file model_8.txt (compact mmCIF, C-alpha atoms)
# COMPACT_ATOMS: atom_id res chain seq x y z
CA MET A 1 -14.41 22.81 -19.02
CA THR A 2 -17.95 21.77 -19.92
CA SER A 3 -21.09 23.78 -20.53
CA GLU A 4 -20.23 27.01 -18.73
CA ASN A 5 -17.15 27.63 -20.78
CA ASP A 6 -18.58 26.42 -24.04
CA SER A 7 -21.92 28.17 -24.00
CA ALA A 8 -22.57 30.58 -21.19
CA PRO A 9 -19.50 31.89 -19.44
CA GLU A 10 -21.29 35.13 -18.54
CA GLU A 11 -23.71 33.21 -16.34
CA LYS A 12 -21.06 31.62 -14.21
CA PRO A 13 -20.88 33.05 -10.66
CA ASP A 14 -17.63 34.68 -9.65
CA ASP A 15 -16.52 31.90 -7.33
CA LEU A 16 -16.95 29.29 -10.02
CA ALA A 17 -14.99 31.45 -12.44
CA ARG A 18 -12.23 31.85 -9.87
CA HIS A 19 -12.20 28.11 -9.29
CA ALA A 20 -11.96 27.41 -13.01
CA THR A 21 -9.14 29.92 -13.44
CA LYS A 22 -7.24 28.57 -10.48
CA MET A 23 -7.61 25.00 -11.65
CA ALA A 24 -6.65 25.93 -15.21
CA LYS A 25 -3.42 27.40 -13.86
CA LYS A 26 -2.85 24.31 -11.78
CA LYS A 27 -3.42 22.10 -14.80
CA ALA A 28 -1.04 24.16 -16.93
CA ALA A 29 1.65 23.95 -14.26
CA ARG A 30 1.10 20.24 -13.83
CA ASP A 31 1.07 19.55 -17.58
CA LYS A 32 4.36 21.42 -17.89
CA ILE A 33 5.93 19.38 -15.13
CA MET A 34 4.66 16.11 -16.57
CA ALA A 35 5.78 17.00 -20.10
CA GLY A 36 9.36 17.01 -18.84
CA LYS A 37 8.96 13.47 -17.58
CA SER A 38 9.43 11.36 -20.63
CA GLY A 39 11.83 8.85 -19.19
CA GLU A 40 11.01 5.28 -18.29
CA LYS A 41 13.29 3.11 -16.27
CA GLY A 42 13.13 0.29 -13.85
CA LEU A 43 12.95 1.76 -10.38
CA ILE A 44 14.40 0.75 -7.07
CA ILE A 45 11.48 1.37 -4.74
CA VAL A 46 11.67 1.31 -0.94
CA HIS A 47 8.76 1.22 1.51
CA THR A 48 9.95 1.71 5.05
CA GLY A 49 8.85 3.24 8.36
CA SER A 50 6.99 1.87 11.32
CA GLY A 51 3.46 2.38 9.98
CA LYS A 52 1.22 0.07 8.05
CA GLY A 53 1.03 -0.27 4.29
CA LYS A 54 4.62 -1.17 3.40
CA SER A 55 3.82 -4.70 2.25
CA SER A 56 0.24 -4.06 1.21
CA SER A 57 1.20 -1.27 -1.15
CA GLY A 58 3.98 -3.47 -2.56
CA PHE A 59 1.34 -6.10 -3.09
CA GLY A 60 -0.88 -3.43 -4.66
CA MET A 61 1.89 -2.64 -7.17
CA ILE A 62 2.32 -6.32 -7.98
CA LEU A 63 -1.40 -6.46 -8.73
CA ARG A 64 -1.11 -3.38 -10.93
CA CYS A 65 1.56 -5.26 -12.88
CA ILE A 66 -0.73 -8.26 -13.17
CA ALA A 67 -3.51 -5.97 -14.41
CA HIS A 68 -1.12 -4.82 -17.15
CA GLU A 69 -0.08 -8.43 -17.83
CA MET A 70 3.48 -7.67 -16.82
CA PRO A 71 5.21 -10.80 -15.46
CA CYS A 72 6.30 -10.24 -11.87
CA ALA A 73 7.45 -12.05 -8.76
CA VAL A 74 7.37 -11.88 -4.96
CA VAL A 75 9.98 -13.17 -2.54
CA GLN A 76 8.88 -13.01 1.08
CA PHE A 77 11.92 -12.89 3.33
CA ILE A 78 10.17 -12.94 6.67
CA LYS A 79 6.98 -14.89 6.54
CA GLY A 80 4.64 -13.81 9.31
CA ALA A 81 2.04 -16.15 10.69
CA TRP A 82 -0.81 -14.35 9.05
CA ASP A 83 0.16 -13.10 5.62
CA THR A 84 -1.61 -15.88 3.80
CA GLY A 85 -4.19 -13.84 1.92
CA GLU A 86 -1.77 -12.42 -0.59
CA ARG A 87 -0.16 -15.75 -1.31
CA ARG A 88 -3.46 -17.51 -1.79
CA LEU A 89 -4.75 -14.83 -4.12
CA LEU A 90 -1.59 -14.68 -6.22
CA THR A 91 -1.06 -18.41 -6.52
CA THR A 92 -4.73 -19.24 -7.07
CA HIS A 93 -5.58 -16.60 -9.63
CA PHE A 94 -2.38 -15.26 -11.15
CA GLY A 95 0.20 -18.03 -11.00
CA ASP A 96 0.84 -17.63 -14.71
CA LEU A 97 1.92 -14.00 -14.33
CA CYS A 98 3.35 -13.87 -10.84
CA GLN A 99 5.79 -16.22 -9.15
CA PHE A 100 5.59 -16.35 -5.37
CA TYR A 101 8.28 -17.60 -2.97
CA ALA A 102 7.89 -17.53 0.80
CA MET A 103 11.42 -18.08 2.05
CA GLY A 104 11.30 -16.89 5.63
CA GLU A 105 10.50 -19.11 8.55
CA GLY A 106 8.40 -16.64 10.48
CA PHE A 107 9.47 -13.44 12.14
CA THR A 108 12.82 -13.91 13.70
CA TRP A 109 11.48 -13.64 17.23
CA GLU A 110 9.27 -16.63 16.44
CA THR A 111 12.15 -18.88 15.48
CA GLN A 112 14.92 -17.84 17.88
CA ASP A 113 17.31 -19.66 15.62
CA ARG A 114 19.69 -17.38 13.86
CA GLU A 115 21.33 -20.02 11.69
CA ARG A 116 18.01 -21.13 10.27
CA ASP A 117 16.97 -17.51 9.68
CA VAL A 118 20.24 -16.77 7.90
CA ALA A 119 19.91 -19.86 5.72
CA ALA A 120 16.34 -18.93 4.78
CA ALA A 121 17.31 -15.34 4.00
CA LYS A 122 20.24 -16.44 1.85
CA ALA A 123 18.05 -18.87 -0.07
CA GLY A 124 15.56 -16.03 -0.58
CA TRP A 125 18.28 -13.77 -1.91
CA GLU A 126 19.55 -16.40 -4.36
CA LYS A 127 16.01 -16.78 -5.68
CA ALA A 128 15.63 -12.99 -5.79
CA LYS A 129 18.79 -12.61 -7.89
CA GLU A 130 17.60 -15.27 -10.32
CA LEU A 131 14.23 -13.50 -10.69
CA ILE A 132 15.73 -10.01 -11.05
CA ARG A 133 18.23 -11.21 -13.66
CA ASN A 134 15.39 -12.53 -15.82
CA PRO A 135 14.54 -9.50 -17.98
CA GLU A 136 11.08 -10.86 -18.77
CA ILE A 137 10.10 -10.27 -15.16
CA ARG A 138 9.14 -6.62 -14.89
CA MET A 139 8.77 -6.22 -11.14
CA VAL A 140 10.20 -8.16 -8.21
CA LEU A 141 8.87 -7.48 -4.71
CA LEU A 142 11.38 -8.34 -1.97
CA ASP A 143 8.97 -8.28 0.94
CA GLU A 144 10.49 -7.56 4.37
CA ILE A 145 14.03 -7.82 3.01
CA ASN A 146 14.91 -4.78 5.13
CA ILE A 147 14.46 -6.89 8.24
CA ALA A 148 16.82 -9.54 6.87
CA LEU A 149 19.32 -6.79 6.10
CA ARG A 150 18.87 -5.16 9.48
CA TYR A 151 19.70 -8.41 11.28
CA ASP A 152 22.69 -8.99 8.97
CA TYR A 153 21.12 -12.16 7.64
CA LEU A 154 22.23 -10.87 4.24
CA ASP A 155 25.35 -8.99 3.23
CA ARG A 156 24.11 -5.47 2.68
CA ASP A 157 26.97 -4.47 0.41
CA GLU A 158 26.35 -7.45 -1.82
CA VAL A 159 22.64 -6.67 -2.09
CA LEU A 160 23.33 -3.01 -2.90
CA ALA A 161 26.02 -3.86 -5.45
CA PHE A 162 23.72 -6.33 -7.16
CA LEU A 163 20.87 -3.84 -7.39
CA ARG A 164 23.23 -1.15 -8.70
CA ASP A 165 25.17 -3.25 -11.19
CA GLU A 166 23.10 -6.24 -12.25
CA LYS A 167 19.47 -5.19 -12.18
CA PRO A 168 18.20 -5.01 -15.77
CA GLU A 169 17.47 -1.43 -16.71
CA MET A 170 13.72 -1.79 -17.06
CA THR A 171 13.05 -4.01 -14.04
CA HIS A 172 11.37 -2.53 -10.98
CA VAL A 173 12.52 -3.89 -7.63
CA VAL A 174 10.45 -3.10 -4.53
CA LEU A 175 12.07 -3.56 -1.12
CA THR A 176 9.91 -3.34 1.99
CA GLY A 177 10.39 -3.41 5.74
CA ARG A 178 11.11 -0.96 8.50
CA ASN A 179 14.59 0.40 9.18
CA ALA A 180 15.73 0.54 5.57
CA ALA A 181 19.50 1.05 5.42
CA PRO A 182 20.54 4.64 4.63
CA GLU A 183 22.70 3.29 1.79
CA LEU A 184 19.63 1.61 0.27
CA ILE A 185 17.64 4.84 0.54
CA GLU A 186 20.53 6.62 -1.15
CA LEU A 187 20.52 4.12 -4.02
CA ALA A 188 16.74 4.01 -4.44
CA ASP A 189 14.69 6.04 -6.92
CA LEU A 190 11.44 6.13 -4.94
CA VAL A 191 11.28 5.97 -1.18
CA THR A 192 8.18 6.22 0.98
CA GLU A 193 8.16 6.20 4.74
CA MET A 194 4.95 4.86 6.25
CA GLY A 195 4.56 6.64 9.57
CA GLN A 196 2.29 5.32 12.28
CA ILE A 197 -0.08 7.99 13.52
CA LYS A 198 -2.59 5.73 15.25
CA HIS A 199 -2.83 1.98 15.63
CA PRO A 200 -5.76 -0.09 16.94
CA PHE A 201 -3.48 -2.63 18.67
CA ARG A 202 -3.12 0.07 21.30
CA SER A 203 -6.85 -0.18 21.98
CA GLY A 204 -6.84 -3.96 22.41
CA ILE A 205 -7.93 -4.77 18.87
CA LYS A 206 -6.20 -7.79 17.35
CA GLY A 207 -5.00 -8.26 13.79
CA GLN A 208 -7.96 -8.83 11.51
CA ALA A 209 -8.56 -10.50 8.15
CA GLY A 210 -8.47 -8.06 5.28
CA VAL A 211 -6.59 -5.46 7.28
CA GLU A 212 -3.48 -7.17 8.57
CA PHE A 213 -3.50 -10.47 6.66
CA MET B 1 15.13 -24.03 17.83
CA THR B 2 16.30 -26.86 15.60
CA SER B 3 19.32 -29.11 15.82
CA GLU B 4 21.43 -27.11 18.24
CA ASN B 5 18.89 -27.24 20.98
CA ASP B 6 17.67 -30.76 20.35
CA SER B 7 20.99 -32.55 20.11
CA ALA B 8 24.02 -30.48 20.89
CA PRO B 9 23.37 -27.31 22.85
CA GLU B 10 26.90 -27.33 24.22
CA GLU B 11 28.25 -26.82 20.71
CA LYS B 12 26.33 -23.66 20.11
CA PRO B 13 28.61 -20.60 19.96
CA ASP B 14 27.94 -17.85 22.44
CA ASP B 15 26.57 -15.43 19.91
CA LEU B 16 23.96 -17.88 18.72
CA ALA B 17 22.92 -18.55 22.30
CA ARG B 18 22.65 -14.84 22.94
CA HIS B 19 20.59 -14.42 19.80
CA ALA B 20 18.23 -17.21 20.86
CA THR B 21 17.83 -15.76 24.35
CA LYS B 22 17.21 -12.28 23.03
CA MET B 23 14.67 -13.51 20.50
CA ALA B 24 12.93 -15.68 23.10
CA LYS B 25 12.49 -12.60 25.28
CA LYS B 26 11.19 -10.66 22.31
CA LYS B 27 8.73 -13.43 21.50
CA ALA B 28 7.51 -13.59 25.11
CA ALA B 29 6.97 -9.83 25.16
CA ARG B 30 5.20 -9.90 21.85
CA ASP B 31 3.02 -12.87 22.78
CA LYS B 32 2.00 -11.07 25.93
CA ILE B 33 1.04 -7.96 23.98
CA MET B 34 -0.89 -9.94 21.39
CA ALA B 35 -2.73 -12.02 24.03
CA GLY B 36 -4.35 -8.81 25.27
CA LYS B 37 -5.72 -8.14 21.81
CA SER B 38 -8.80 -10.27 21.54
CA GLY B 39 -11.17 -7.66 20.17
CA GLU B 40 -12.45 -7.48 16.62
CA LYS B 41 -14.24 -4.51 15.21
CA GLY B 42 -14.73 -2.73 11.96
CA LEU B 43 -12.04 -0.10 11.69
CA ILE B 44 -11.98 3.38 10.27
CA ILE B 45 -8.66 3.42 8.48
CA VAL B 46 -6.99 6.50 7.02
CA HIS B 47 -4.06 6.63 4.60
CA THR B 48 -2.78 10.15 4.19
CA GLY B 49 0.43 12.08 3.58
CA SER B 50 2.16 13.25 0.43
CA GLY B 51 4.02 10.03 -0.30
CA LYS B 52 3.06 7.09 -2.47
CA GLY B 53 1.16 4.01 -1.34
CA LYS B 54 -2.05 5.52 0.02
CA SER B 55 -4.29 4.08 -2.67
CA SER B 56 -2.17 1.05 -3.49
CA SER B 57 -2.17 -0.18 0.10
CA GLY B 58 -5.93 0.41 0.26
CA PHE B 59 -6.18 -1.66 -2.89
CA GLY B 60 -3.91 -4.25 -1.24
CA MET B 61 -6.33 -4.50 1.68
CA ILE B 62 -9.27 -4.93 -0.68
CA LEU B 63 -7.40 -7.81 -2.28
CA ARG B 64 -6.74 -9.34 1.14
CA CYS B 65 -10.49 -9.23 1.70
CA ILE B 66 -11.05 -10.91 -1.64
CA ALA B 67 -8.52 -13.58 -0.69
CA HIS B 68 -10.60 -14.24 2.44
CA GLU B 69 -13.80 -14.17 0.36
CA MET B 70 -15.06 -11.15 2.26
CA PRO B 71 -17.42 -9.05 0.10
CA CYS B 72 -16.05 -5.55 -0.35
CA ALA B 73 -16.37 -2.41 -2.44
CA VAL B 74 -14.40 0.51 -3.83
CA VAL B 75 -15.66 4.01 -4.54
CA GLN B 76 -13.14 6.18 -6.36
CA PHE B 77 -13.87 9.83 -5.67
CA ILE B 78 -11.20 11.38 -7.85
CA LYS B 79 -10.50 9.28 -10.84
CA GLY B 80 -7.04 9.98 -12.17
CA ALA B 81 -6.17 9.42 -15.77
CA TRP B 82 -4.06 6.42 -15.06
CA ASP B 83 -5.54 4.32 -12.28
CA THR B 84 -7.06 1.81 -14.64
CA GLY B 85 -5.11 -1.27 -13.55
CA GLU B 86 -6.94 -1.73 -10.29
CA ARG B 87 -10.34 -1.33 -11.86
CA ARG B 88 -9.60 -3.76 -14.65
CA LEU B 89 -8.26 -6.38 -12.26
CA LEU B 90 -11.14 -6.08 -9.82
CA THR B 91 -13.92 -6.03 -12.37
CA THR B 92 -12.42 -8.75 -14.57
CA HIS B 93 -11.49 -11.24 -11.89
CA PHE B 94 -13.39 -10.44 -8.72
CA GLY B 95 -16.63 -8.75 -9.73
CA ASP B 96 -18.56 -11.28 -7.65
CA LEU B 97 -16.82 -10.25 -4.43
CA CYS B 98 -15.94 -6.62 -5.02
CA GLN B 99 -18.11 -3.80 -6.36
CA PHE B 100 -16.25 -0.97 -8.03
CA TYR B 101 -17.56 2.55 -8.67
CA ALA B 102 -15.46 5.28 -10.27
CA MET B 103 -17.38 8.45 -9.50
CA GLY B 104 -14.81 11.18 -10.01
CA GLU B 105 -14.28 12.96 -13.26
CA GLY B 106 -10.53 13.19 -13.10
CA PHE B 107 -8.42 15.23 -10.74
CA THR B 108 -10.03 18.54 -10.14
CA TRP B 109 -7.31 20.46 -11.95
CA GLU B 110 -8.17 18.40 -15.04
CA THR B 111 -11.83 19.38 -15.04
CA GLN B 112 -11.75 23.01 -13.83
CA ASP B 113 -15.46 22.70 -13.25
CA ARG B 114 -16.37 22.84 -9.63
CA GLU B 115 -20.06 22.13 -10.09
CA ARG B 116 -19.38 18.94 -11.97
CA ASP B 117 -16.79 17.87 -9.39
CA VAL B 118 -19.23 18.52 -6.55
CA ALA B 119 -21.98 16.56 -8.29
CA ALA B 120 -19.64 13.63 -8.90
CA ALA B 121 -18.39 13.66 -5.31
CA LYS B 122 -21.94 13.78 -3.93
CA ALA B 123 -23.00 10.88 -6.14
CA GLY B 124 -19.96 8.97 -4.89
CA TRP B 125 -20.89 9.65 -1.29
CA GLU B 126 -24.47 8.48 -1.80
CA LYS B 127 -23.14 5.24 -3.26
CA ALA B 128 -20.64 4.96 -0.43
CA LYS B 129 -23.36 5.27 2.22
CA GLU B 130 -25.42 2.60 0.50
CA LEU B 131 -22.42 0.25 0.43
CA ILE B 132 -21.38 0.94 4.02
CA ARG B 133 -24.93 0.42 5.30
CA ASN B 134 -25.01 -3.06 3.74
CA PRO B 135 -23.65 -5.23 6.56
CA GLU B 136 -22.71 -8.02 4.15
CA ILE B 137 -20.00 -5.78 2.73
CA ARG B 138 -17.02 -6.12 5.04
CA MET B 139 -14.74 -3.39 3.71
CA VAL B 140 -15.42 -0.23 1.71
CA LEU B 141 -12.49 1.70 0.25
CA LEU B 142 -13.27 5.40 -0.30
CA ASP B 143 -10.34 6.19 -2.54
CA GLU B 144 -9.18 9.83 -2.59
CA ILE B 145 -12.20 10.95 -0.57
CA ASN B 146 -9.85 13.19 1.42
CA ILE B 147 -9.38 15.33 -1.68
CA ALA B 148 -13.14 15.69 -2.10
CA LEU B 149 -13.38 16.67 1.57
CA ARG B 150 -10.46 19.06 1.30
CA TYR B 151 -12.12 20.94 -1.56
CA ASP B 152 -15.45 20.99 0.31
CA TYR B 153 -17.07 18.93 -2.40
CA LEU B 154 -18.60 16.97 0.47
CA ASP B 155 -19.87 18.13 3.85
CA ARG B 156 -17.19 16.98 6.23
CA ASP B 157 -19.44 16.98 9.28
CA GLU B 158 -21.96 14.79 7.51
CA VAL B 159 -19.30 12.31 6.47
CA LEU B 160 -17.86 12.14 9.98
CA ALA B 161 -21.29 11.79 11.61
CA PHE B 162 -22.21 8.99 9.23
CA LEU B 163 -19.01 7.08 9.93
CA ARG B 164 -19.43 7.55 13.65
CA ASP B 165 -23.14 6.77 13.92
CA GLU B 166 -24.20 4.62 11.00
CA LYS B 167 -21.27 2.43 10.05
CA PRO B 168 -22.09 -1.19 10.97
CA GLU B 169 -19.87 -2.32 13.81
CA MET B 170 -17.91 -4.93 11.87
CA THR B 171 -17.43 -2.99 8.62
CA HIS B 172 -14.00 -1.61 7.80
CA VAL B 173 -13.94 1.71 5.96
CA VAL B 174 -10.68 2.88 4.38
CA LEU B 175 -10.34 6.55 3.46
CA THR B 176 -7.37 7.66 1.38
CA GLY B 177 -5.91 10.89 0.10
CA ARG B 178 -3.51 13.54 1.28
CA ASN B 179 -4.51 16.25 3.76
CA ALA B 180 -6.87 14.14 5.83
CA ALA B 181 -8.97 16.36 8.09
CA PRO B 182 -7.78 16.43 11.72
CA GLU B 183 -11.31 15.52 12.81
CA LEU B 184 -11.18 12.41 10.62
CA ILE B 185 -7.81 11.43 12.08
CA GLU B 186 -9.31 11.91 15.52
CA LEU B 187 -12.25 9.62 14.68
CA ALA B 188 -10.17 6.94 12.95
CA ASP B 189 -8.81 3.74 14.52
CA LEU B 190 -5.80 3.30 12.28
CA VAL B 191 -3.99 6.16 10.59
CA THR B 192 -0.88 5.94 8.47
CA GLU B 193 0.94 8.87 6.97
CA MET B 194 2.83 8.05 3.81
CA GLY B 195 5.78 10.42 3.72
CA GLN B 196 7.67 11.15 0.54
CA ILE B 197 11.38 10.67 1.00
CA LYS B 198 12.38 10.45 -2.64
CA HIS B 199 10.38 10.57 -5.85
CA PRO B 200 11.56 9.76 -9.39
CA PHE B 201 9.41 12.50 -10.97
CA ARG B 202 12.12 14.80 -9.68
CA SER B 203 14.61 13.02 -11.92
CA GLY B 204 12.47 13.33 -15.05
CA ILE B 205 10.94 9.87 -14.85
CA LYS B 206 7.28 9.72 -15.78
CA GLY B 207 4.53 7.65 -14.20
CA GLN B 208 4.93 4.02 -15.18
CA ALA B 209 2.66 0.99 -15.47
CA GLY B 210 2.73 -1.17 -12.40
CA VAL B 211 4.15 1.58 -10.24
CA GLU B 212 1.75 4.50 -10.58
CA PHE B 213 -1.19 2.94 -12.42

call {"tool": "encode", "arguments": {"input": "model_8.txt", "output": "structure tokens"}}
result
Amino acid sequence: MTSENDSAPEEKPDDLARHATKMAKKKAARDKIMAGKSGEKGLIIVHTGSGKGKSSSGFGMILRCIAHEMPCAVVQFIKGAWDTGERRLLTTHFGDLCQFYAMGEGFTWETQDRERDVAAAKAGWEKAKELIRNPEIRMVLLDEINIALRYDYLDRDEVLAFLRDEKPEMTHVVLTGRNAAPELIELADLVTEMGQIKHPFRSGIKGQAGVEF
Amino acid sequence: MTSENDSAPEEKPDDLARHATKMAKKKAARDKIMAGKSGEKGLIIVHTGSGKGKSSSGFGMILRCIAHEMPCAVVQFIKGAWDTGERRLLTTHFGDLCQFYAMGEGFTWETQDRERDVAAAKAGWEKAKELIRNPEIRMVLLDEINIALRYDYLDRDEVLAFLRDEKPEMTHVVLTGRNAAPELIELADLVTEMGQIKHPFRSGIKGQAGVEF
């Protein structure tokens, strides 16, 4: 709404006027919608689907928290071979604001040892509960917990009951990993499915620094 | 493959043995797939769809680059009112590795001034080309450029031709925003569609620090 509207509306070509009118309507509609959204609460957030971006956008939210100086924490349930970038960045630069725990022993097909996987997942969940119960921690990212749930390394009902009944009201909990349980999606406030449209692995390109790890 | 296999395989229950066998097969299949992926190249990466996580996972990739000390850059084409966390974090902590340019003037329905939007988008694109042409910069995130393309603030053919013909081979370019052009999806190496399954705005919850900004 700059110069044209303030000083010389008559000089504005028709298409610009139409654009301004259309956008003004859009803004009014949007402002009305947003005005109804006064609530704040800690959200249960799920990133699932077979595409990329589930963990990296969880990590992006953790870094938004850090930018706002909100204490936060990450528990990695299934530690891949290559996800070292995030850990290094968080522990090197932001250890005062963000706690980081890598509990998994590698993707489960790397270990081939169910008992060890279960023990690691259970230890991760105990740590997760401790972090979530601490009301000073504003966001807890449970990275790849959906895989641990999918393989029954954790008791799904217990996890759901804890999130429903014991999560402090203002704490955000982010759960990532493909194949999120329908019951978790039902409980969650914000669910995004990352769908794979195209992936360079199919063209013989390997995982690369910055993109995959 | 810890204690059971080393010392007492005969004591392992059937289900654990089955799990180990199944996972060993999965690992062999996966290793075979990954062994074929020796290539490295700069990728054209698109995050689109109506769900959350398009920008935050782009931001997450930028931070992976920073963790690997890979110089990188962000150009924000449509600067929302609330995406200040990323900028603050990047400029405060990582200004030596990551350049950050916020070119947009707010979402277009906030400005209602097409000429100003077009000028801002064009300035952003000039900066983007300069950054992409610099081979020392390993990743350039063009945040919300799909919106600028969708509104014809930029010439789509020019953008596509530049990415195809002038992008240095090893540079990753990440383009985010809903409604990615089919021609861009065709050109891209890695495309993820973030689908909205559930959104708390529908329950009267407003955008919150750490989650949306």

call {"tool": "interface_residues", "arguments": {"input": "model_8.txt", "of": "chain A", "to": "chain B", "cutoff": "7 Å", "atoms": "only C-alpha atoms", "output": "tab-separated table (two decimals) with C-alpha atoms, in the coordinates of the input"}}
result
chain	number	residue	atom	x	y	z
A	1	MET	CA	-14.41	22.81	-19.02
A	16	LEU	CA	-16.95	29.29	-10.02
A	19	HIS	CA	-12.20	28.11	-9.29
A	20	ALA	CA	-11.96	27.41	-13.01
A	23	MET	CA	-7.61	25.00	-11.65
A	24	ALA	CA	-6.65	25.93	-15.21
A	26	LYS	CA	-2.85	24.31	-11.78
A	27	LYS	CA	-3.42	22.10	-14.80
A	34	MET	CA	4.66	16.11	-16.57
A	36	GLY	CA	9.36	17.01	-18.84
A	37	LYS	CA	8.96	13.47	-17.58
A	38	SER	CA	9.43	11.36	-20.63
A	39	GLY	CA	11.83	8.85	-19.19
A	40	GLU	CA	11.01	5.28	-18.29
A	51	GLY	CA	3.46	2.38	9.98
A	52	LYS	CA	1.22	0.07	8.05
A	53	GLY	CA	1.03	-0.27	4.29
A	56	SER	CA	0.24	-4.06	1.21
A	57	SER	CA	1.20	-1.27	-1.15
A	59	PHE	CA	1.34	-6.10	-3.09
A	60	GLY	CA	-0.88	-3.43	-4.66
A	61	MET	CA	1.89	-2.64	-7.17
A	62	ILE	CA	2.32	-6.32	-7.98
A	64	ARG	CA	-1.11	-3.38	-10.93
A	65	CYS	CA	1.56	-5.26	-12.88
A	67	ALA	CA	-3.51	-5.97	-14.41
A	68	HIS	CA	-1.12	-4.82	-17.15
A	85	GLY	CA	-4.19	-13.84	1.92
A	86	GLU	CA	-1.77	-12.42	-0.59
A	88	ARG	CA	-3.46	-17.51	-1.79
A	89	LEU	CA	-4.75	-14.83	-4.12
A	109	TRP	CA	11.48	-13.64	17.23
A	110	GLU	CA	9.27	-16.63	16.44
A	111	THR	CA	12.15	-18.88	15.48
A	112	GLN	CA	14.92	-17.84	17.88
A	113	ASP	CA	17.31	-19.66	15.62
A	114	ARG	CA	19.69	-17.38	13.86
A	189	ASP	CA	14.69	6.04	-6.92
A	190	LEU	CA	11.44	6.13	-4.94
A	191	VAL	CA	11.28	5.97	-1.18
A	192	THR	CA	8.18	6.22	0.98
A	193	GLU	CA	8.16	6.20	4.74
A	194	MET	CA	4.95	4.86	6.25
A	195	GLY	CA	4.56	6.64	9.57
A	196	GLN	CA	2.29	5.32	12.28
A	197	ILE	CA	-0.08	7.99	13.52
A	198	LYS	CA	-2.59	5.73	15.25
A	199	HIS	CA	-2.83	1.98	15.63
A	200	PRO	CA	-5.76	-0.09	16.94
A	201	PHE	CA	-3.48	-2.63	18.67
A	204	GLY	CA	-6.84	-3.96	22.41
A	205	ILE	CA	-7.93	-4.77	18.87
A	206	LYS	CA	-6.20	-7.79	17.35
A	208	GLN	CA	-7.96	-8.83	11.51
A	209	ALA	CA	-8.56	-10.50	8.15
A	210	GLY	CA	-8.47	-8.06	5.28
A	211	VAL	CA	-6.59	-5.46	7.28
A	213	PHE	CA	-3.50	-10.47	6.66

call {"tool": "atom_distance", "arguments": {"input": "model_8.txt", "atom1": "CA of Ala119 (chain B)", "atom2": "CA of Ile145 (chain B)"}}
result
13.7 Å

call {"tool": "residues_around", "arguments": {"input": "model_8.txt", "residues": "Asn179 (chain B)", "least_positions_apart": "2", "cutoff": "8 Å", "atoms": "only C-alpha atoms", "output": "list in words"}}
result
Thr48, Gly49, Asn146, Ile147, Arg150, Gly177 and Ala181 of chain B

call {"tool": "closest_residue", "arguments": {"input": "model_8.txt", "among": "A:Ala102, A:Leu97, A:Ile132, A:Val159", "to": "Val75 (chain A)", "atoms": "all atoms listed in the file"}}
result
A:Ala102

call {"tool": "residues_around", "arguments": {"input": "model_8.txt", "residues": "Glu130 (chain B)", "least_positions_apart": "3", "cutoff": "12 Å", "atoms": "all atoms listed in the file", "output": "NGL selection string"}}
result
:B and (73 or 75 or 99 or 123-127 or 133-137 or 140 or 162 or 166-168)
